[in-house]
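K.L.:
The structure under discussion is supplied below as C-alpha cells; questions concerning it will follow.
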Amino acid sequence: GENVEQHPSTLSVQEGDSAVIKCTYSDSASNYFPWYKQELGKRPQLIIDIRSNVGEKKDQRIAVTLNKTAKHFSLHITETQPEDSAVYFCAASPWGFKTIFGAGTRLFVKA
Amino acid sequence: EAQVTQNPRYLITVTGKKLTVTCSQNMNHEYMSWYRQDPGLGLRQIYYSMNVEVTDKGDVPEGYKVSRKEKRNFPLILESPSPNQTSLYFCASRDSSLDEQFFGPGTRLTVL
C-alpha cells in the first residue's frame, strides 16, 4: 500500500549546525507534502509545505526540496537552535484529505 | 478564536465499554479527519470526511466508527474498545480549497 519512509528516526546536532531529514513516498499521485513539528505533549504544527509543481521552498531557516522523479522530499533546518528540538513528521497527500505520515524524526539540538 | 476542540482530553476505560470522542471545529471546514499516534509509527489516518454524510476509511479503520451529521462535528466511536486501541488520538480539519490542516489538542485513551 501507500507509505512514506522517513529517515533518520533520531538526529542530534550541535547548536548552529544544519539538520536534514529525508522522506520517500510511494504513491506517485501525491501532490502535497507538508512538514509538521510536534513538541512534547502538543499537537502537530505545520512548519512548511510544498506542492508537486514546485521544486524548492524556503521560509527563513527552514527549506523543503522535492524530487518528484525519485519521489524524495527533504527538510533542511539551518542555524539550528535549542528550541528546534522536537519531533518532525513529513507527510504526503495524494488527493482530498487522505494523508500519509512518516514515522517521525526526533531532533535534539545541543547547546 | 478559530480552533478544533476534542473531548475528553484524557480517558481511561475498560475493554468492551463503548465510548465516543467528540471533535468540533468552528472554521466551517469541509474536511475533517481522525488520526491515531503511536510511538515509532507516526500518525495514521483512521477515517476522514470530505463533507456532511461523506466519510471514508483511512489506513487503520478497524474497530472504529465515525459519523458526520453536522459540518462542525466529527465524533469517533469505539463500539467495543480493546487494549490495542490505547493511543493518542488527534482530530483535524481543513478547508477544501486550502492545504493546511488544523489539529485538535489530542485525546489520550487508555483501554485496560
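Chain lettering (A, B, ...) mirrors the order of the C-alpha cells, residue numbering begins at 1 for each chain separately, and ligand numbering begins at 1 in order of display.
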Give as a compact mmCIF listing (two decimals) with all heavy atoms, in the first residue's frame every residue of chain A that touches chain B within 6 Å, counting only C-alpha atoms.

P.N.:
```txt
# COMPACT_ATOMS: atom_id res chain seq x y z
N ARG A 43 0.15 19.31 19.99
CA ARG A 43 -0.36 18.85 18.70
C ARG A 43 0.65 19.15 17.60
O ARG A 43 1.47 20.05 17.75
CB ARG A 43 -1.69 19.55 18.41
CG ARG A 43 -1.57 21.02 18.05
CD ARG A 43 -2.91 21.73 18.10
NE ARG A 43 -3.29 22.10 19.46
CZ ARG A 43 -4.47 22.63 19.79
NH1 ARG A 43 -5.38 22.83 18.86
NH2 ARG A 43 -4.74 22.95 21.03
N PHE A 101 1.54 9.83 6.82
CA PHE A 101 2.64 10.42 7.55
C PHE A 101 3.84 9.47 7.61
O PHE A 101 3.69 8.25 7.62
CB PHE A 101 2.21 10.72 8.99
CG PHE A 101 1.39 11.96 9.14
CD1 PHE A 101 0.03 11.96 8.85
CD2 PHE A 101 1.96 13.14 9.58
CE1 PHE A 101 -0.73 13.10 8.99
CE2 PHE A 101 1.21 14.30 9.72
CZ PHE A 101 -0.14 14.27 9.43
N GLY A 102 5.01 10.06 7.70
CA GLY A 102 6.20 9.30 8.05
C GLY A 102 6.20 9.01 9.54
O GLY A 102 5.38 9.53 10.30
N ALA A 103 7.14 8.17 9.97
CA ALA A 103 7.18 7.73 11.36
C ALA A 103 7.74 8.77 12.32
O ALA A 103 7.62 8.63 13.53
CB ALA A 103 7.96 6.43 11.48
N GLY A 104 8.37 9.80 11.78
CA GLY A 104 8.86 10.88 12.63
C GLY A 104 10.36 10.84 12.85
O GLY A 104 10.99 9.78 12.78
```

K.L.:
From a DSSP calculation on the backbone, collect every residue of chain B in strand (DSSP E or B) and output the set as number ranges by chain.

P.N.:
B: 4-7, 10-13, 19-25, 31-38, 42-51, 54-57, 65-66, 73, 76-78, 87-94, 101-103, 107-111

K.L.:
If you count only C-alpha atoms, which residues fall within 9 Å of Asp84 in chain A, apart from same-chain ones fewer than 6 positions away, as a list in words?

P.N.:
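Once the nearby chain positions are removed, what remains is Lys37, Ile77, Leu107, Phe108 and Val109 of chain A.
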
K.L.:
Provide the CA of Glu1 in chain B to CA of Met27 in chain B distance in Å, to one decimal place.

P.N.:
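It comes out at 9.1 Å.
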
K.L.:
I'd like the contact shell of range 61-71 of chain A - 6 Å cut-off, only C-alpha atoms, skipping same-chain residues fewer than 6 positions apart - returned as a PyMOL selection string.

P.N.:
chain A and resi 24-25+55+77-78

K.L.:
Only all heavy atoms, please: the residues just picked out, written as a PDB file, in the first residue's frame.

P.N.:
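Final file, result03.pdb:
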```
ATOM      1  N   THR A  24      10.710   9.523   1.695  1.00  0.00           N
ATOM      2  CA  THR A  24      10.427   8.917   0.398  1.00  0.00           C
ATOM      3  C   THR A  24       8.977   8.462   0.403  1.00  0.00           C
ATOM      4  O   THR A  24       8.518   7.871   1.378  1.00  0.00           O
ATOM      5  CB  THR A  24      11.337   7.693   0.162  1.00  0.00           C
ATOM      6  OG1 THR A  24      12.698   8.099   0.275  1.00  0.00           O
ATOM      7  CG2 THR A  24      11.094   7.103  -1.203  1.00  0.00           C
ATOM      8  N   TYR A  25       8.260   8.750  -0.665  1.00  0.00           N
ATOM      9  CA  TYR A  25       6.861   8.340  -0.739  1.00  0.00           C
ATOM     10  C   TYR A  25       6.667   7.347  -1.879  1.00  0.00           C
ATOM     11  O   TYR A  25       7.468   7.276  -2.805  1.00  0.00           O
ATOM     12  CB  TYR A  25       5.947   9.560  -0.912  1.00  0.00           C
ATOM     13  CG  TYR A  25       6.175  10.375  -2.158  1.00  0.00           C
ATOM     14  CD1 TYR A  25       5.393  10.204  -3.298  1.00  0.00           C
ATOM     15  CD2 TYR A  25       7.168  11.353  -2.202  1.00  0.00           C
ATOM     16  CE1 TYR A  25       5.595  10.959  -4.434  1.00  0.00           C
ATOM     17  CE2 TYR A  25       7.371  12.120  -3.328  1.00  0.00           C
ATOM     18  CZ  TYR A  25       6.589  11.924  -4.444  1.00  0.00           C
ATOM     19  OH  TYR A  25       6.799  12.678  -5.572  1.00  0.00           O
ATOM     20  N   GLY A  55       9.846  22.833  -6.887  1.00  0.00           N
ATOM     21  CA  GLY A  55      10.991  22.009  -6.515  1.00  0.00           C
ATOM     22  C   GLY A  55      11.595  22.355  -5.170  1.00  0.00           C
ATOM     23  O   GLY A  55      12.199  21.503  -4.526  1.00  0.00           O
ATOM     24  N   ILE A  77      16.987  22.406   7.991  1.00  0.00           N
ATOM     25  CA  ILE A  77      16.950  23.463   9.001  1.00  0.00           C
ATOM     26  C   ILE A  77      18.366  23.965   9.179  1.00  0.00           C
ATOM     27  O   ILE A  77      19.283  23.194   9.498  1.00  0.00           O
ATOM     28  CB  ILE A  77      16.409  22.951  10.349  1.00  0.00           C
ATOM     29  CG1 ILE A  77      15.045  22.282  10.174  1.00  0.00           C
ATOM     30  CG2 ILE A  77      16.304  24.108  11.350  1.00  0.00           C
ATOM     31  CD1 ILE A  77      14.519  21.623  11.442  1.00  0.00           C
ATOM     32  N   THR A  78      18.581  25.245   8.936  1.00  0.00           N
ATOM     33  CA  THR A  78      19.916  25.823   9.104  1.00  0.00           C
ATOM     34  C   THR A  78      19.992  26.580  10.434  1.00  0.00           C
ATOM     35  O   THR A  78      18.968  26.926  11.027  1.00  0.00           O
ATOM     36  CB  THR A  78      20.241  26.792   7.953  1.00  0.00           C
ATOM     37  OG1 THR A  78      19.243  27.823   7.935  1.00  0.00           O
ATOM     38  CG2 THR A  78      20.247  26.083   6.620  1.00  0.00           C
TER      39      THR A  78
END
```

K.L.:
Compile the contact shell of Gln81 in chain A as a VMD selection string: residues with an atom at most 10 Å away, counting only C-alpha atoms, same-chain residues fewer than 4 positions apart removed.

P.N.:
chain A and resid 13 to 18 77 85 108 to 111

K.L.:
Name the residues in contact with Gln6 in chain B at a cut-off of 12 Å, using only C-alpha atoms, excluding same-chain residues fewer than 2 positions from it; report them as number ranges by chain.

P.N.:
A: 43; B: 3-4, 8-11, 20-25, 34, 72-76, 88-93, 103-108

K.L.:
With N, CA, C and O atoms retained, export the selected residues as a compact mmCIF listing (two decimals), in the first residue's frame.

P.N.:
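File written: result_14.txt
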```txt
# COMPACT_ATOMS: atom_id res chain seq x y z
N ARG A 43 0.15 19.31 19.99
CA ARG A 43 -0.36 18.85 18.70
C ARG A 43 0.65 19.15 17.60
O ARG A 43 1.47 20.05 17.75
N GLN B 3 -10.57 27.27 16.04
CA GLN B 3 -9.96 26.14 16.72
C GLN B 3 -10.68 24.83 16.44
O GLN B 3 -11.84 24.80 16.00
N VAL B 4 -9.96 23.76 16.75
CA VAL B 4 -10.50 22.41 16.75
C VAL B 4 -10.46 21.92 18.21
O VAL B 4 -9.41 22.02 18.85
N PRO B 8 -13.17 13.72 25.51
CA PRO B 8 -12.34 14.26 26.58
C PRO B 8 -10.87 14.35 26.15
O PRO B 8 -10.51 13.86 25.08
N ARG B 9 -10.05 14.97 26.94
CA ARG B 9 -8.63 15.05 26.65
C ARG B 9 -7.89 13.81 27.15
O ARG B 9 -6.89 13.40 26.57
N TYR B 10 -8.41 13.23 28.20
CA TYR B 10 -7.83 12.01 28.77
C TYR B 10 -8.96 11.07 29.12
O TYR B 10 -10.00 11.50 29.63
N LEU B 11 -8.76 9.79 28.85
CA LEU B 11 -9.79 8.81 29.17
C LEU B 11 -9.15 7.46 29.44
O LEU B 11 -8.34 6.99 28.64
N THR B 20 -17.21 7.40 23.04
CA THR B 20 -17.20 8.37 21.93
C THR B 20 -16.26 9.50 22.28
O THR B 20 -16.31 10.04 23.39
N VAL B 21 -15.40 9.85 21.34
CA VAL B 21 -14.55 11.03 21.47
C VAL B 21 -15.10 12.07 20.51
O VAL B 21 -15.26 11.81 19.31
N THR B 22 -15.41 13.23 21.05
CA THR B 22 -16.01 14.25 20.19
C THR B 22 -14.95 15.16 19.59
O THR B 22 -13.86 15.35 20.15
N CYS B 23 -15.26 15.69 18.42
CA CYS B 23 -14.39 16.66 17.74
C CYS B 23 -15.28 17.72 17.14
O CYS B 23 -16.28 17.41 16.48
N SER B 24 -14.91 18.96 17.36
CA SER B 24 -15.69 20.06 16.82
C SER B 24 -14.77 21.15 16.31
O SER B 24 -13.73 21.43 16.92
N GLN B 25 -15.14 21.76 15.16
CA GLN B 25 -14.35 22.88 14.63
C GLN B 25 -15.29 24.03 14.30
O GLN B 25 -16.43 23.82 13.89
N TRP B 34 -9.66 11.85 11.54
CA TRP B 34 -9.15 11.32 12.80
C TRP B 34 -7.85 10.56 12.53
O TRP B 34 -7.74 9.80 11.56
N ARG B 72 -19.72 20.86 11.56
CA ARG B 72 -18.75 21.20 12.58
C ARG B 72 -18.30 20.02 13.43
O ARG B 72 -17.27 20.10 14.09
N ASN B 73 -19.04 18.92 13.45
CA ASN B 73 -18.75 17.82 14.37
C ASN B 73 -18.38 16.53 13.66
O ASN B 73 -18.99 16.18 12.63
N PHE B 74 -17.43 15.82 14.23
CA PHE B 74 -16.97 14.56 13.63
C PHE B 74 -16.57 13.61 14.76
O PHE B 74 -15.39 13.43 15.05
N PRO B 75 -17.53 12.98 15.42
CA PRO B 75 -17.20 12.11 16.55
C PRO B 75 -16.58 10.79 16.12
O PRO B 75 -16.90 10.24 15.06
N LEU B 76 -15.70 10.29 16.96
CA LEU B 76 -15.06 8.97 16.77
C LEU B 76 -15.65 8.02 17.79
O LEU B 76 -15.64 8.30 18.99
N LEU B 88 -2.82 7.87 21.35
CA LEU B 88 -3.10 9.31 21.37
C LEU B 88 -3.85 9.62 20.08
O LEU B 88 -3.36 9.31 18.99
N TYR B 89 -5.03 10.22 20.20
CA TYR B 89 -5.88 10.47 19.05
C TYR B 89 -5.96 11.97 18.76
O TYR B 89 -6.14 12.79 19.66
N PHE B 90 -5.82 12.29 17.48
CA PHE B 90 -5.95 13.68 17.04
C PHE B 90 -7.04 13.79 15.99
O PHE B 90 -7.13 12.98 15.07
N CYS B 91 -7.85 14.82 16.16
CA CYS B 91 -8.80 15.22 15.14
C CYS B 91 -8.19 16.39 14.38
O CYS B 91 -7.41 17.17 14.94
N ALA B 92 -8.52 16.52 13.11
CA ALA B 92 -8.00 17.62 12.30
C ALA B 92 -9.07 18.07 11.32
O ALA B 92 -9.96 17.30 10.95
N SER B 93 -8.98 19.33 10.92
CA SER B 93 -9.91 19.83 9.91
C SER B 93 -9.16 20.70 8.91
O SER B 93 -8.07 21.18 9.18
N PHE B 103 -4.98 20.81 13.70
CA PHE B 103 -5.18 19.70 14.62
C PHE B 103 -5.81 20.15 15.94
O PHE B 103 -5.57 21.25 16.41
N GLY B 104 -6.61 19.24 16.49
CA GLY B 104 -7.09 19.44 17.84
C GLY B 104 -6.00 19.14 18.85
O GLY B 104 -4.89 18.72 18.47
N PRO B 105 -6.26 19.32 20.14
CA PRO B 105 -5.23 19.16 21.17
C PRO B 105 -4.87 17.72 21.49
O PRO B 105 -3.87 17.46 22.16
N GLY B 106 -5.66 16.77 21.01
CA GLY B 106 -5.37 15.36 21.26
C GLY B 106 -6.18 14.78 22.41
O GLY B 106 -6.55 15.49 23.35
N THR B 107 -6.44 13.49 22.31
CA THR B 107 -7.12 12.73 23.37
C THR B 107 -6.28 11.50 23.67
O THR B 107 -6.04 10.68 22.78
N ARG B 108 -5.84 11.40 24.90
CA ARG B 108 -5.04 10.22 25.28
C ARG B 108 -5.98 9.18 25.87
O ARG B 108 -6.58 9.40 26.91
```
